[in-house]
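Engineer: Please see the structure below; I have some questions.
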Amino acid sequence: MDYFTIEISGKAIASFRSENAEDAKHFIEAEDFREDLTVLETEGKPVWDGKAPLTLRKATPDEASEVEHAYEFDDDPSRTIDDEFVVFLIPISDADEDDSDDEA
């Protein structure tokens with residue numbers, strides 16, 4: 001397994017493990033993942049505008065360590081280190097959840 005980082009406009013936003021670069025590329029090209037990036041927010045704005053290029057690169061040792069630590073502290077007993085797991089390197093909120101809180 002290798003560690004990869006996704007960048008948007010030169011800013012590292014998330015890291016994850018993948019078997020190889022080809023699998024990692026397929027992951028970031030998946031429609032579901034890309035849609036998630038337009039719904040999730042950071043600092044009150046969508047993580048991704050749907051237009052800026054998503055760049056994939058090998059993770060730095062610090063970014064890979066973030067992924068390892070996330071696995072260690074994950075509270076889902078059914079998840080294993082081989083499962084797909086994305087660790088955001090930026091503060092994240094879900095716009096849909098924020099909207100539902102405002103309506104209550």
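Quick note on naming: the chains in the structure tokens go A, B, ... in the order shown, residues restart at 1 in each chain, and ligands are numbered from 1 in order of appearance.
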If you run DSSP on the backbone, which residues of range 10-79 of chain A are helix (DSSP H, G or I), as a ChimeraX atom specification?
Structural biologist: /A:21-29,31-39,61-73
Engineer: Generate the output file for the selected residues, C-alpha atoms, as a PDB file, in the first residue's frame.
Structural biologist:
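Listed below is the output, selection_2.pdb:
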```pdb
ATOM      1  CA  ALA A  21      -1.193   5.103  -8.216  1.00  0.00           C
ATOM      2  CA  GLU A  22      -3.677   3.762 -10.767  1.00  0.00           C
ATOM      3  CA  ASP A  23      -6.164   2.731  -8.061  1.00  0.00           C
ATOM      4  CA  ALA A  24      -5.661   6.069  -6.315  1.00  0.00           C
ATOM      5  CA  LYS A  25      -6.402   7.901  -9.559  1.00  0.00           C
ATOM      6  CA  HIS A  26      -9.604   5.891 -10.055  1.00  0.00           C
ATOM      7  CA  PHE A  27     -10.649   6.794  -6.519  1.00  0.00           C
ATOM      8  CA  ILE A  28     -10.326  10.553  -7.005  1.00  0.00           C
ATOM      9  CA  GLU A  29     -12.052  10.335 -10.381  1.00  0.00           C
ATOM     10  CA  GLU A  31     -18.260  10.623  -9.199  1.00  0.00           C
ATOM     11  CA  ASP A  32     -19.335   9.925  -5.583  1.00  0.00           C
ATOM     12  CA  PHE A  33     -16.068  11.220  -4.165  1.00  0.00           C
ATOM     13  CA  ARG A  34     -16.108  14.314  -6.356  1.00  0.00           C
ATOM     14  CA  GLU A  35     -19.690  15.026  -5.338  1.00  0.00           C
ATOM     15  CA  ASP A  36     -18.708  14.720  -1.669  1.00  0.00           C
ATOM     16  CA  LEU A  37     -16.043  17.373  -2.210  1.00  0.00           C
ATOM     17  CA  THR A  38     -18.695  19.813  -3.457  1.00  0.00           C
ATOM     18  CA  VAL A  39     -20.977  19.131  -0.458  1.00  0.00           C
ATOM     19  CA  PRO A  61       5.657  11.264   5.633  1.00  0.00           C
ATOM     20  CA  ASP A  62       3.604  13.640   7.816  1.00  0.00           C
ATOM     21  CA  GLU A  63       0.489  13.154   5.661  1.00  0.00           C
ATOM     22  CA  ALA A  64       0.925   9.374   5.705  1.00  0.00           C
ATOM     23  CA  SER A  65       1.248   9.550   9.480  1.00  0.00           C
ATOM     24  CA  GLU A  66      -2.095  11.393   9.656  1.00  0.00           C
ATOM     25  CA  VAL A  67      -3.742   8.485   7.832  1.00  0.00           C
ATOM     26  CA  GLU A  68      -2.120   5.940  10.155  1.00  0.00           C
ATOM     27  CA  HIS A  69      -3.269   7.861  13.232  1.00  0.00           C
ATOM     28  CA  ALA A  70      -6.812   8.084  11.880  1.00  0.00           C
ATOM     29  CA  TYR A  71      -6.944   4.286  11.552  1.00  0.00           C
ATOM     30  CA  GLU A  72      -5.680   3.923  15.124  1.00  0.00           C
ATOM     31  CA  PHE A  73      -8.419   6.174  16.498  1.00  0.00           C
TER      32      PHE A  73
END
```
Engineer: Considering only C-alpha atoms, can you say which of A:Leu54, A:Val86, A:Ile13, A:Ala59 comes closest to Glu41 in chain A?
Structural biologist: A:Ile13
Engineer: Could you work out how far CA of Ser15 in chain A lies from CA of Val87 in chain A, giving the answer in Å with one decimal?
Structural biologist: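 Those two atoms sit 5.3 Å apart.
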Engineer: CA of Arg57 in chain A and CA of Phe4 in chain A are how many Å apart?
Structural biologist: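 Calculated distance between CA of Arg57 in chain A and CA of Phe4 in chain A is 5.6 Å.
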Engineer: So, counting only C-alpha atoms, which residue among A:Asn20, A:Thr42, A:Leu56, A:Ala14 is closest to Met1 in chain A?
Structural biologist: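 Smallest separation from Met1 in chain A among the options: A:Asn20.
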Engineer: Could you check which of A:Pro53, A:Lys58, A:Phe85, A:Asp94 is closest to Thr5 in chain A, using only C-alpha atoms?
Structural biologist: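 Looking at the shortest contact to Thr5 in chain A, the residue is A:Lys58.
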